[in-house]
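These notes concern the structure reproduced below.
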Amino acid sequence: MPYLTPPPNPDIKKPAMDVPPGGWDCQIHLFGPADKWPFDPESPYVSGEALPETAIRMLDTLGLRKAVVVSGGGYGRDYSYMLDALKRFPDRFAGVILPPDELSDEELLRLDRAGVRGVRFVSAKRASNLPQILPDMAAQVENLGWPVHFYPHGEDIVSYADKLLALPNRKIVLDHFASVPADKGVDQPAFKTVLKMLDTGRVWIKLSGPMRCAKGDMPYAAVTPIARALIRHAPERMVWGSDWPHVNMVGREMPNDGDLFDLLSEWAPDAADRKRILVTNADALYGAPAHR
């Protein structure tokens with residue numbers, strides 16, 4: 001039976017750090033109302049409402065201009081809710097889909113015009129109902145200039161690195177710090193694999209969801225050395241995401257998104273790096289459509 005994830009903290013703090021104008025939150029999910037947008041029967045979780053209007057209030061409180069709505073795994077491969085949000089709030093959201101196995105070029109072009117800017121694949125260990133790496137689709141979306149996103153599981157980026165780099169895509173985004181276990185530090189094979197992938201110039205890292213690769217609650221201290229090393233290595237290919245509304249946080253303290261955002265100032269103490277991460281790099285990945 002699916003379990004209900006707790007709601008996000010509604011009392012979002014203003015961030016203490018200076019936030020550059022034009023910033024992006026490069027990973028959020030949206031859910032509900034469930035009577036209109038029912039969850040996929042195979043989803044391991046259900047979530048309370050995480051509405052576009054609530055997400056916009058979160059963005060405004062953090063001082064961010066736009067967010068990337070990643071179609072939630074709770075909806076399986078149905079991206080219709082995400083498209084509805086993009087249609088209603090085109091100035092605030094771009095999108096990334098969890099695609100079916102096949103999509104026509106015409107449908108992909110329709111999605112591009114609606115504000116979709118990427119596809120997401122996941123490790124086979126994550127969920128059997130969500131898309132694994134689809135090389136043919138990766139080639140299709142490269143024609144639109146979309147990045148391919150991949151969410152590994154644990155340390156399995158080691159076994160997926162060659163498969164990802166064999167794709168034709170010039171931009172490959174590894175979600176949630178590439179899922180490397182933060183408590184194993186920067187000398188673990190998985191992290192060294194990520195650095196080698198970054199050296200190709202084609203791989204980007206989403207500095208998002210520290211709770212996904214670290215145990216315990218805020219401030220996820222084990223993530224700090226990982227984040228700093230990544231930013232030192234390739235600051236021009238780092239982006240940030242909140243992962244709001246933080247699904248699957250059962251039995252753990254729900255972070256305040258203002259505090260979560262302020263972790264970026266610890267990971268990237270230099271304001272120029274933060275501007276690059278929040279604005280320049282995000283614009284390069286998710287900004288103006290490549291195909292008009």
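Identifiers in this document derive from the order of the structure tokens: chains are assigned A, B, ..., residues are numbered from 1 separately in each chain, and ligands are numbered from 1 in order of occurrence.
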Hey, which bits of segment 57-102 of chain A sit within 7 Å of segment 11-31 of chain A, and for each residue what's the closest pair of atoms and how far apart in Å (one decimal), counting only C-alpha atoms, rows by chain and increasing number, as JSON lines?
{"residue": "A:Thr61", "atom": "CA", "partner": "A:Lys14", "partner_atom": "CA", "distance": 5.9}
{"residue": "A:Leu62", "atom": "CA", "partner": "A:Lys14", "partner_atom": "CA", "distance": 5.9}
{"residue": "A:Gly63", "atom": "CA", "partner": "A:Val19", "partner_atom": "CA", "distance": 6.4}
{"residue": "A:Leu64", "atom": "CA", "partner": "A:Gly23", "partner_atom": "CA", "distance": 4.8}
{"residue": "A:Arg65", "atom": "CA", "partner": "A:Gly22", "partner_atom": "CA", "distance": 5.2}
{"residue": "A:Lys66", "atom": "CA", "partner": "A:Trp24", "partner_atom": "CA", "distance": 5.0}
{"residue": "A:Ala67", "atom": "CA", "partner": "A:Asp25", "partner_atom": "CA", "distance": 4.6}
{"residue": "A:Val68", "atom": "CA", "partner": "A:Cys26", "partner_atom": "CA", "distance": 4.7}
{"residue": "A:Val69", "atom": "CA", "partner": "A:Ile28", "partner_atom": "CA", "distance": 5.1}
{"residue": "A:Val70", "atom": "CA", "partner": "A:His29", "partner_atom": "CA", "distance": 5.5}
{"residue": "A:Ser71", "atom": "CA", "partner": "A:His29", "partner_atom": "CA", "distance": 6.3}
{"residue": "A:Gly72", "atom": "CA", "partner": "A:His29", "partner_atom": "CA", "distance": 5.5}
**Message:** Could you go through segment 172-280 of chain A and tell me which residues DSSP, when run on the backbone, assigns to strand (DSSP E), listing them as an MDAnalysis selection string?
**Reply:** chainID A and resid 172:174 203:208 238:241
Contacts of Glu102 of chain A within 9 Å, only C-alpha atoms, excl. fewer than 2 positions in-chain, as an mmCIF file with N, CA, C and O atoms, in the first residue's frame:
data_model
loop_
_atom_site.group_PDB
_atom_site.id
_atom_site.type_symbol
_atom_site.label_atom_id
_atom_site.label_comp_id
_atom_site.auth_asym_id
_atom_site.auth_seq_id
_atom_site.Cartn_x
_atom_site.Cartn_y
_atom_site.Cartn_z
ATOM 1 N N PRO A 99 9.480 10.001 -19.533
ATOM 2 C CA PRO A 99 8.789 9.692 -20.786
ATOM 3 C C PRO A 99 8.329 8.240 -20.884
ATOM 4 O O PRO A 99 8.901 7.346 -20.248
ATOM 5 N N PRO A 100 7.314 8.001 -21.715
ATOM 6 C CA PRO A 100 7.036 6.627 -22.114
ATOM 7 C C PRO A 100 8.171 6.118 -22.998
ATOM 8 O O PRO A 100 9.079 6.869 -23.358
ATOM 9 N N SER A 104 6.646 10.470 -30.481
ATOM 10 C CA SER A 104 6.896 10.933 -31.841
ATOM 11 C C SER A 104 7.672 12.238 -31.817
ATOM 12 O O SER A 104 7.654 12.983 -30.831
ATOM 13 N N LEU A 134 16.836 5.239 -22.442
ATOM 14 C CA LEU A 134 16.258 4.976 -23.758
ATOM 15 C C LEU A 134 17.124 5.651 -24.815
ATOM 16 O O LEU A 134 16.966 6.840 -25.100
ATOM 17 N N ASP A 136 17.297 5.634 -28.090
ATOM 18 C CA ASP A 136 16.640 6.250 -29.243
ATOM 19 C C ASP A 136 16.002 7.580 -28.864
ATOM 20 O O ASP A 136 16.080 8.557 -29.619
ATOM 21 N N MET A 137 15.368 7.612 -27.701
ATOM 22 C CA MET A 137 14.761 8.878 -27.275
ATOM 23 C C MET A 137 15.824 9.914 -26.936
ATOM 24 O O MET A 137 15.667 11.104 -27.210
#
**Message:** Quick check, in Å to one decimal: how far apart do atom CA of Leu207 of chain A and atom CA of Arg126 of chain A lie?
**Reply:**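 Distance between the two atoms: 19.2 Å.
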**Exercise: Arg274 of chain A partners within 12 Å, only C-alpha atoms, chain neighbours under 5 positions left out, as a ChimeraX atom specification** = /A:17-24,207,228,231,235-240,261-269,279-282
Keeping only N, CA, C and O atoms, write those residues as a CSV table (one decimal), in the first residue's frame.
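So the final result, stored in selection.csv, reads:
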chain,number,residue,atom,x,y,z
A,17,MET,N,21.5,34.4,2.9
A,17,MET,CA,22.5,34.8,1.9
A,17,MET,C,21.9,35.7,0.8
A,17,MET,O,20.7,35.8,0.7
A,18,ASP,N,22.8,36.5,0.2
A,18,ASP,CA,22.3,37.3,-0.9
A,18,ASP,C,22.0,36.4,-2.1
A,18,ASP,O,22.8,35.6,-2.5
A,19,VAL,N,20.8,36.6,-2.7
A,19,VAL,CA,20.4,35.8,-3.8
A,19,VAL,C,20.4,36.7,-5.1
A,19,VAL,O,19.8,37.7,-5.2
A,20,PRO,N,21.2,36.3,-6.1
A,20,PRO,CA,21.2,37.1,-7.4
A,20,PRO,C,19.9,37.0,-8.1
A,20,PRO,O,19.1,36.0,-8.0
A,21,PRO,N,19.5,38.1,-8.8
A,21,PRO,CA,18.3,38.1,-9.5
A,21,PRO,C,18.3,37.1,-10.7
A,21,PRO,O,19.4,36.8,-11.2
A,22,GLY,N,17.2,36.6,-11.0
A,22,GLY,CA,17.1,35.7,-12.1
A,22,GLY,C,17.4,34.3,-11.8
A,22,GLY,O,17.6,33.5,-12.8
A,23,GLY,N,17.4,33.9,-10.6
A,23,GLY,CA,17.8,32.5,-10.2
A,23,GLY,C,16.8,31.5,-10.4
A,23,GLY,O,15.6,31.8,-10.5
A,24,TRP,N,17.2,30.2,-10.5
A,24,TRP,CA,16.4,29.1,-10.8
A,24,TRP,C,16.5,28.1,-9.6
A,24,TRP,O,17.5,27.9,-9.1
A,207,LEU,N,22.9,20.0,-7.8
A,207,LEU,CA,23.2,20.1,-6.3
A,207,LEU,C,21.8,20.2,-5.6
A,207,LEU,O,21.4,21.3,-5.2
A,228,ARG,N,31.4,20.9,-2.2
A,228,ARG,CA,32.5,21.8,-2.4
A,228,ARG,C,33.5,21.2,-3.5
A,228,ARG,O,34.0,22.0,-4.3
A,231,ILE,N,31.9,21.7,-7.0
A,231,ILE,CA,31.9,23.0,-7.4
A,231,ILE,C,33.4,23.5,-7.8
A,231,ILE,O,33.6,24.2,-8.8
A,235,PRO,N,32.6,24.4,-11.8
A,235,PRO,CA,31.6,25.3,-11.4
A,235,PRO,C,30.7,25.7,-12.5
A,235,PRO,O,29.5,26.1,-12.3
A,236,GLU,N,31.2,25.6,-13.8
A,236,GLU,CA,30.4,26.0,-14.9
A,236,GLU,C,29.3,25.0,-15.3
A,236,GLU,O,28.5,25.2,-16.2
A,237,ARG,N,29.3,23.8,-14.6
A,237,ARG,CA,28.3,22.8,-14.9
A,237,ARG,C,27.6,22.3,-13.7
A,237,ARG,O,27.3,21.1,-13.5
A,238,MET,N,27.4,23.2,-12.7
A,238,MET,CA,26.6,22.9,-11.5
A,238,MET,C,25.3,23.7,-11.5
A,238,MET,O,25.3,24.9,-11.9
A,239,VAL,N,24.2,23.1,-11.1
A,239,VAL,CA,22.9,23.8,-10.9
A,239,VAL,C,22.4,23.4,-9.6
A,239,VAL,O,22.8,22.4,-9.0
A,240,TRP,N,21.4,24.2,-9.1
A,240,TRP,CA,20.9,23.9,-7.7
A,240,TRP,C,19.4,23.6,-7.8
A,240,TRP,O,18.7,24.2,-8.7
A,261,PHE,N,18.1,26.2,1.3
A,261,PHE,CA,18.7,27.1,0.3
A,261,PHE,C,20.0,27.7,0.8
A,261,PHE,O,21.0,27.8,0.1
A,262,ASP,N,20.0,28.1,2.1
A,262,ASP,CA,21.2,28.7,2.6
A,262,ASP,C,22.4,27.7,2.7
A,262,ASP,O,23.6,28.2,2.8
A,263,LEU,N,22.2,26.4,2.6
A,263,LEU,CA,23.3,25.5,2.5
A,263,LEU,C,24.2,25.8,1.3
A,263,LEU,O,25.4,25.5,1.3
A,264,LEU,N,23.6,26.4,0.3
A,264,LEU,CA,24.4,26.7,-0.9
A,264,LEU,C,25.5,27.7,-0.6
A,264,LEU,O,26.6,27.6,-1.2
A,265,SER,N,25.3,28.5,0.4
A,265,SER,CA,26.4,29.5,0.7
A,265,SER,C,27.5,28.8,1.4
A,265,SER,O,28.6,29.3,1.4
A,266,GLU,N,27.3,27.6,2.1
A,266,GLU,CA,28.3,26.8,2.6
A,266,GLU,C,29.0,26.0,1.5
A,266,GLU,O,30.3,25.8,1.6
A,267,TRP,N,28.3,25.5,0.6
A,267,TRP,CA,28.9,24.7,-0.5
A,267,TRP,C,29.7,25.6,-1.4
A,267,TRP,O,30.7,25.2,-2.0
A,268,ALA,N,29.1,26.8,-1.7
A,268,ALA,CA,29.8,27.7,-2.6
A,268,ALA,C,29.9,29.1,-1.9
A,268,ALA,O,29.1,30.0,-2.1
A,269,PRO,N,31.0,29.3,-1.1
A,269,PRO,CA,31.1,30.5,-0.4
A,269,PRO,C,31.3,31.8,-1.3
A,269,PRO,O,31.0,32.9,-0.8
A,279,VAL,N,22.0,31.1,-11.8
A,279,VAL,CA,21.5,31.9,-12.9
A,279,VAL,C,22.1,31.4,-14.3
A,279,VAL,O,21.4,30.9,-15.1
A,280,THR,N,23.4,31.6,-14.4
A,280,THR,CA,24.0,31.4,-15.7
A,280,THR,C,23.9,29.9,-16.2
A,280,THR,O,23.5,29.7,-17.3
A,281,ASN,N,24.3,29.0,-15.3
A,281,ASN,CA,24.3,27.6,-15.7
A,281,ASN,C,22.8,27.1,-15.9
A,281,ASN,O,22.6,26.4,-16.9
A,282,ALA,N,21.9,27.5,-15.1
A,282,ALA,CA,20.5,27.1,-15.2
A,282,ALA,C,19.9,27.7,-16.5
A,282,ALA,O,19.2,27.0,-17.2
**Request:** Please identify all polymer residues within 9 Å of Pro181 of chain A, counting only C-alpha atoms, omitting same-chain residues fewer than 4 positions from it, and present them as a list of chain:residue names.
**Result:**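 After dropping sequence-adjacent residues, the list is A:Gly154, A:Glu155, A:Gly185, A:Gln188, A:Ala190, A:Phe191, A:Arg212, A:Cys213, A:Ala214, A:Lys215, A:Ala222, A:Val223.
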Convert the current residue selection to file output with N, CA, C and O atoms, as a CSV table (one decimal), in the first residue's frame.
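The resulting file, selection-v4.csv, is shown below:
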chain,number,residue,atom,x,y,z
A,154,GLY,N,22.3,4.9,-5.1
A,154,GLY,CA,23.5,4.5,-4.4
A,154,GLY,C,24.8,4.8,-5.2
A,154,GLY,O,25.0,5.9,-5.7
A,155,GLU,N,25.6,3.8,-5.3
A,155,GLU,CA,26.9,3.9,-6.0
A,155,GLU,C,26.8,3.4,-7.4
A,155,GLU,O,27.9,3.3,-8.0
A,185,GLY,N,32.5,9.9,1.4
A,185,GLY,CA,33.5,10.9,1.1
A,185,GLY,C,33.9,11.0,-0.3
A,185,GLY,O,33.3,10.3,-1.2
A,188,GLN,N,35.7,7.8,-2.6
A,188,GLN,CA,35.0,6.6,-3.0
A,188,GLN,C,35.0,6.4,-4.5
A,188,GLN,O,35.0,7.4,-5.2
A,190,ALA,N,32.6,5.8,-6.6
A,190,ALA,CA,31.5,6.5,-7.2
A,190,ALA,C,31.7,7.9,-7.4
A,190,ALA,O,31.4,8.5,-8.5
A,191,PHE,N,32.3,8.6,-6.4
A,191,PHE,CA,32.6,10.0,-6.6
A,191,PHE,C,33.7,10.3,-7.6
A,191,PHE,O,33.6,11.2,-8.4
A,212,ARG,N,18.8,13.0,0.0
A,212,ARG,CA,18.8,11.8,-0.8
A,212,ARG,C,20.1,11.0,-0.7
A,212,ARG,O,20.1,9.8,-1.1
A,213,CYS,N,21.2,11.7,-0.4
A,213,CYS,CA,22.5,11.0,-0.4
A,213,CYS,C,23.1,11.1,1.0
A,213,CYS,O,24.3,10.6,1.2
A,214,ALA,N,22.4,11.6,2.0
A,214,ALA,CA,23.0,11.7,3.3
A,214,ALA,C,22.0,11.2,4.4
A,214,ALA,O,20.8,11.4,4.2
A,215,LYS,N,22.4,10.6,5.4
A,215,LYS,CA,21.6,10.2,6.5
A,215,LYS,C,21.3,11.3,7.4
A,215,LYS,O,21.9,12.4,7.4
A,222,ALA,N,27.5,15.7,5.9
A,222,ALA,CA,28.4,14.9,5.1
A,222,ALA,C,28.4,15.3,3.6
A,222,ALA,O,29.3,14.9,2.9
A,223,VAL,N,27.4,16.0,3.2
A,223,VAL,CA,27.3,16.5,1.8
A,223,VAL,C,28.2,17.6,1.5
A,223,VAL,O,28.7,17.8,0.4
**Message:** Quick one: residues within 10 Å of Ala127 of chain A, only C-alpha atoms, excluding same-chain residues fewer than 6 positions away - as a VMD selection string?
**Reply:** chain A and resid 42 to 44 73 76
**Request:** For each of A:Lys196, A:Lys87, A:Lys275, A:His246, take the minimum atom-to-atom distance to Arg113 of chain A, counting only C-alpha atoms, then give the residue where this is smallest.
**Result:**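 Ranked by minimum distance to Arg113 of chain A, first place goes to A:Lys87.
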**Item:** One-decimal distance in Å that lies between atom CA of Arg57 of chain A and atom CA of Gly118 of chain A
**Value:** 24.3 Å
**Request:** Excluding Ser208 of chain A and residues on its chain fewer than 2 positions from it, collect all residues at most 7 Å away from it, counting only C-alpha atoms, and give them as a VMD selection string.
**Result:** chain A and resid 176 to 177 206 210 240 to 243
**Request:** Measuring atom to atom with only C-alpha atoms, identify which of A:Asp162, A:Asp101, A:Asp156, A:Asp84 is nearest to Val180 of chain A.
**Result:**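 The closest residue to Val180 of chain A is A:Asp156.
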**Request:** Would you please extract all alpha helix (DSSP H) residues from segment 75-237 of chain A, as assigned by DSSP on the backbone, and give them as number ranges by chain?
**Result:** A: 80-88, 105-114, 135-142, 157-165, 189-198, 223-233
**Item:** Interatomic distance, atom CA of Leu109 of chain A to atom CA of Val122 of chain A (Å, one decimal)
**Value:**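 Result for atom CA of Leu109 of chain A versus atom CA of Val122 of chain A: 22.9 Å, one decimal.
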